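A.B. asks: Quick one: the structure is below, questions incoming.
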Amino acid sequence: MMSRRFPEAAAVGVGGFVRDDTPTEQVDRREAVVASLAGTVRDLVDATIRTTLGDAELHRIRDDLAAVVDRLRAGQLPGPAGIRYNSERRSWNWGNAVMGAANALAPPLDVVHDASGCHADVDLGAAYEGPPGLVHGGVSAMLLDHIMGETASAMRRTTFTGTLTTRYRRGTPLGPLRLEASIVREEGRKVFVAGSIADADGVTVEAEGVFIQPAGAPAADG
Ligand SMILES: CCCCCCCCCCCCCCCC(=O)SCCNC(=O)CCNC(=O)[C@H](O)C(C)(C)COP(=O)(O)OP(=O)(O)OC[C@H]1O[C@@H](n2cnc3c(N)ncnc32)[C@H](O)[C@@H]1OP(=O)(O)O
């Protein structure tokens, strides 16, 4: 069993981004490879939840998978993936819980920056269920936290979630959903953001949040 404590990660701290001068072309190529692997692992998670196979077959599959894990463990980072960037301002955070390319737990969320903020279309399957057929409330909050945080940061400054308030207006069905977020106002280091999740029939969850630029955190615009 792997260790769950990563002391070196604690040292990253606020605004801690790792400079990594891997050329962008190489980063893009590797990202496509890890995203493809994560996509298959995501399928595996869904298939595991929904399998109806017998116990003996599941034991055999578990043994096969354990062998695959051993192969992956042959080359590992010492801790979490972190956020890396190169001199061409290409950044990558493949372990991110919401949009990490290598993270099969991430839905993943493909966030688009538009004139009013950010939006993302996502299709949530069986792995994100809370109440029967509905998205887990914590998953909704997680997705909103991310898209609202990305809106606050506008990819040019570091912001951390200070407060996130969610109002669940009705159940959010699993399946295709639309997330939106926009900046409401800014006060010094505080950015107030509104966000929502909607299905085809309208908004299911709405949220407001305060995202804060930690004192001394880096910003691309100075
Ligand atoms: C080059 C760069 C490019 C970067 C491009 C990156 C793009 C990549 C996008 C990824 C998007 C990720 C989106 C996920 C975002 C998370 O998930 S972040 C993880 C969850 N959040 C955390 O862990 C935060 C933990 N908390 C903290 O670190 C600190 O408490 C904070 C929030 C940074 C604030 O600390 P601080 O700067 O010391 O705050 P402080 O000076 O006490 O107060 C400043 C102001 O904020 C207010 N405030 C403080 N705390 C709070 C609070 N919790 N709630 C409300 N207001 C508060 C204070 O009242 C004060 O207000 P004023 O008096 O000025 O009116």
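Residues are named by chain letter and number: chains run A, B, ... in the order of the structure tokens, numbers start at 1 in each chain, and ligands are numbered from 1 in the order shown.
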What lies within 9 Å of region 25-32 of chain A using only C-alpha atoms, ignoring chain neighbours under 2 positions off, as a ChimeraX atom specification?
C.D. replies: /A:22-23,34-37,90,92,94,101-102
A.B. asks: Let me have all residues with an atom within 6 Å of ligand 1, counting only C-alpha atoms and all ligand atoms, laid out as a JSON list (two decimals) with N, CA and C atoms, in the first residue's frame.
C.D. replies:
```
[["chain", "number", "residue", "atom", "x", "y", "z"],
["A", 145, "ASP", "N", -16.21, 24.44, -7.27],
["A", 145, "ASP", "CA", -15.01, 25.03, -6.67],
["A", 145, "ASP", "C", -13.95, 25.23, -7.75],
["A", 146, "HIS", "N", -13.79, 24.21, -8.57],
["A", 146, "HIS", "CA", -12.74, 24.31, -9.58],
["A", 146, "HIS", "C", -13.05, 25.37, -10.62],
["A", 149, "GLY", "N", -12.90, 28.77, -9.16],
["A", 149, "GLY", "CA", -11.51, 29.14, -8.86],
["A", 149, "GLY", "C", -10.75, 29.51, -10.13],
["A", 150, "GLU", "N", -11.01, 28.76, -11.17],
["A", 150, "GLU", "CA", -10.32, 29.05, -12.43],
["A", 150, "GLU", "C", -10.80, 30.39, -13.00],
["A", 153, "SER", "N", -9.09, 33.11, -10.98],
["A", 153, "SER", "CA", -7.65, 33.25, -11.29],
["A", 153, "SER", "C", -7.45, 33.78, -12.70],
["A", 155, "MET", "N", -6.39, 32.44, -15.01],
["A", 155, "MET", "CA", -5.11, 31.88, -15.46],
["A", 155, "MET", "C", -3.98, 32.91, -15.44],
["A", 156, "ARG", "N", -4.13, 33.96, -14.61],
["A", 156, "ARG", "CA", -3.04, 34.95, -14.56],
["A", 156, "ARG", "C", -2.67, 35.31, -13.13],
["A", 157, "ARG", "N", -3.38, 34.74, -12.16],
["A", 157, "ARG", "CA", -3.04, 34.99, -10.76],
["A", 157, "ARG", "C", -3.46, 33.77, -9.95],
["A", 158, "THR", "N", -2.83, 33.60, -8.81],
["A", 158, "THR", "CA", -3.16, 32.46, -7.95],
["A", 158, "THR", "C", -4.27, 32.87, -6.99],
["A", 160, "PHE", "N", -6.99, 31.13, -3.98],
["A", 160, "PHE", "CA", -7.41, 29.96, -3.21],
["A", 160, "PHE", "C", -8.86, 30.17, -2.80],
["A", 161, "THR", "N", -9.59, 29.09, -2.69],
["A", 161, "THR", "CA", -10.96, 29.18, -2.20],
["A", 161, "THR", "C", -10.94, 29.60, -0.73],
["A", 162, "GLY", "N", -11.61, 30.70, -0.42],
["A", 162, "GLY", "CA", -11.77, 31.11, 0.98],
["A", 162, "GLY", "C", -13.08, 30.54, 1.51],
["A", 163, "THR", "N", -14.16, 30.87, 0.81],
["A", 163, "THR", "CA", -15.49, 30.38, 1.20],
["A", 163, "THR", "C", -16.25, 29.97, -0.05],
["A", 190, "LYS", "N", -9.63, 39.93, -2.76],
["A", 190, "LYS", "CA", -10.79, 39.02, -2.77],
["A", 190, "LYS", "C", -11.54, 39.10, -4.11],
["A", 210, "VAL", "N", -15.89, 33.15, -2.37],
["A", 210, "VAL", "CA", -14.87, 34.19, -2.22],
["A", 210, "VAL", "C", -13.53, 33.51, -2.45],
["A", 212, "ILE", "N", -9.42, 34.06, -2.84],
["A", 212, "ILE", "CA", -8.48, 35.05, -2.29],
["A", 212, "ILE", "C", -7.09, 34.85, -2.86],
["A", 214, "PRO", "N", -3.60, 34.89, -2.11],
["A", 214, "PRO", "CA", -2.78, 34.93, -0.89],
["A", 214, "PRO", "C", -1.73, 36.03, -1.01],
["A", 215, "ALA", "N", -1.46, 36.68, 0.11],
["A", 215, "ALA", "CA", -0.46, 37.75, 0.10],
["A", 215, "ALA", "C", 0.85, 37.19, -0.47],
["A", 218, "PRO", "N", 2.19, 34.59, -6.67],
["A", 218, "PRO", "CA", 2.59, 35.09, -7.99],
["A", 218, "PRO", "C", 1.40, 35.40, -8.88],
["A", 219, "ALA", "N", 1.58, 36.43, -9.72],
["A", 219, "ALA", "CA", 0.56, 36.75, -10.72],
["A", 219, "ALA", "C", 1.27, 37.01, -12.03],
["A", 220, "ALA", "N", 0.68, 36.45, -13.11],
["A", 220, "ALA", "CA", 1.31, 36.59, -14.41],
["A", 220, "ALA", "C", 1.35, 38.05, -14.86]]
```
A.B. asks: For Asp46 (chain A), which residue among A:Gly100, A:Gly125, A:Gly175, A:Gly209 is the nearest when counting only C-alpha atoms?
C.D. replies: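 Of all the options, A:Gly125 lies closest to Asp46 (chain A).
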A.B. asks: Name the closest residue to Val205 (chain A) among the candidates A:Leu144, A:Val112, A:Leu124, A:Ile183; distances are taken between atoms, counting only C-alpha atoms.
C.D. replies: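 Selected residue with least distance to Val205 (chain A): A:Leu144.
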A.B. asks: Among chain A, which residues does DSSP mark as strand (DSSP E) when it is run on the backbone? Keep the chain and numbering as in the structure and answer as a PyMOL selection string.
C.D. replies: chain A and resi 18-19+84-85+91-92+112-114+117-124+160-168+175-187+190-199+202-212
A.B. asks: Hey, what's within 12 Å of region 128-134 of chain A if we count only C-alpha atoms and toss same-chain stuff fewer than 4 positions away? As a PyMOL selection string, please?
C.D. replies: chain A and resi 42+45-46+49+105-108+122-124+138-143+168+170-177+199+204
A.B. asks: Selected residues, C-alpha atoms, written as a PDB file, in the first residue's frame, please.
C.D. replies:
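Done, and the output landed in again_25.pdb:
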```pdb
ATOM      1  CA  ARG A  42     -11.947   5.703 -15.897  1.00  0.00           C
ATOM      2  CA  VAL A  45     -13.890   2.346 -12.652  1.00  0.00           C
ATOM      3  CA  ASP A  46     -17.250   2.506 -14.414  1.00  0.00           C
ATOM      4  CA  ILE A  49     -19.108  -0.327 -10.419  1.00  0.00           C
ATOM      5  CA  LEU A 105     -10.869  10.225 -10.640  1.00  0.00           C
ATOM      6  CA  ALA A 106     -11.256  13.543 -12.466  1.00  0.00           C
ATOM      7  CA  PRO A 107     -14.425  13.611 -14.637  1.00  0.00           C
ATOM      8  CA  PRO A 108     -12.421  15.332 -16.442  1.00  0.00           C
ATOM      9  CA  VAL A 122     -19.242  17.478 -18.466  1.00  0.00           C
ATOM     10  CA  ASP A 123     -20.885  14.060 -18.604  1.00  0.00           C
ATOM     11  CA  LEU A 124     -20.973  12.407 -15.173  1.00  0.00           C
ATOM     12  CA  GLY A 138     -19.769  16.888  -2.752  1.00  0.00           C
ATOM     13  CA  VAL A 139     -18.936  16.216  -6.385  1.00  0.00           C
ATOM     14  CA  SER A 140     -21.106  19.168  -7.436  1.00  0.00           C
ATOM     15  CA  ALA A 141     -19.305  21.385  -4.910  1.00  0.00           C
ATOM     16  CA  MET A 142     -15.928  20.123  -6.129  1.00  0.00           C
ATOM     17  CA  LEU A 143     -16.697  20.889  -9.757  1.00  0.00           C
ATOM     18  CA  TYR A 168     -28.890  22.628  -4.172  1.00  0.00           C
ATOM     19  CA  ARG A 170     -33.041  20.158  -7.026  1.00  0.00           C
ATOM     20  CA  GLY A 171     -31.298  16.894  -7.679  1.00  0.00           C
ATOM     21  CA  THR A 172     -28.631  16.973 -10.390  1.00  0.00           C
ATOM     22  CA  PRO A 173     -29.098  13.974 -12.670  1.00  0.00           C
ATOM     23  CA  LEU A 174     -26.081  11.961 -13.796  1.00  0.00           C
ATOM     24  CA  GLY A 175     -25.383  12.569 -17.487  1.00  0.00           C
ATOM     25  CA  PRO A 176     -24.582  15.692 -19.485  1.00  0.00           C
ATOM     26  CA  LEU A 177     -24.312  18.918 -17.478  1.00  0.00           C
ATOM     27  CA  ASP A 199     -29.049  20.091 -16.853  1.00  0.00           C
ATOM     28  CA  THR A 204     -29.794  22.466 -10.363  1.00  0.00           C
TER      29      THR A 204
END
```
A.B. asks: Find, counting only C-alpha atoms, the residue in A:Val18, A:Leu53, A:Val68, A:Ala154 that gets nearest to Asn93 (chain A).
C.D. replies: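 So, comparing all the options, the nearest one is A:Val18.
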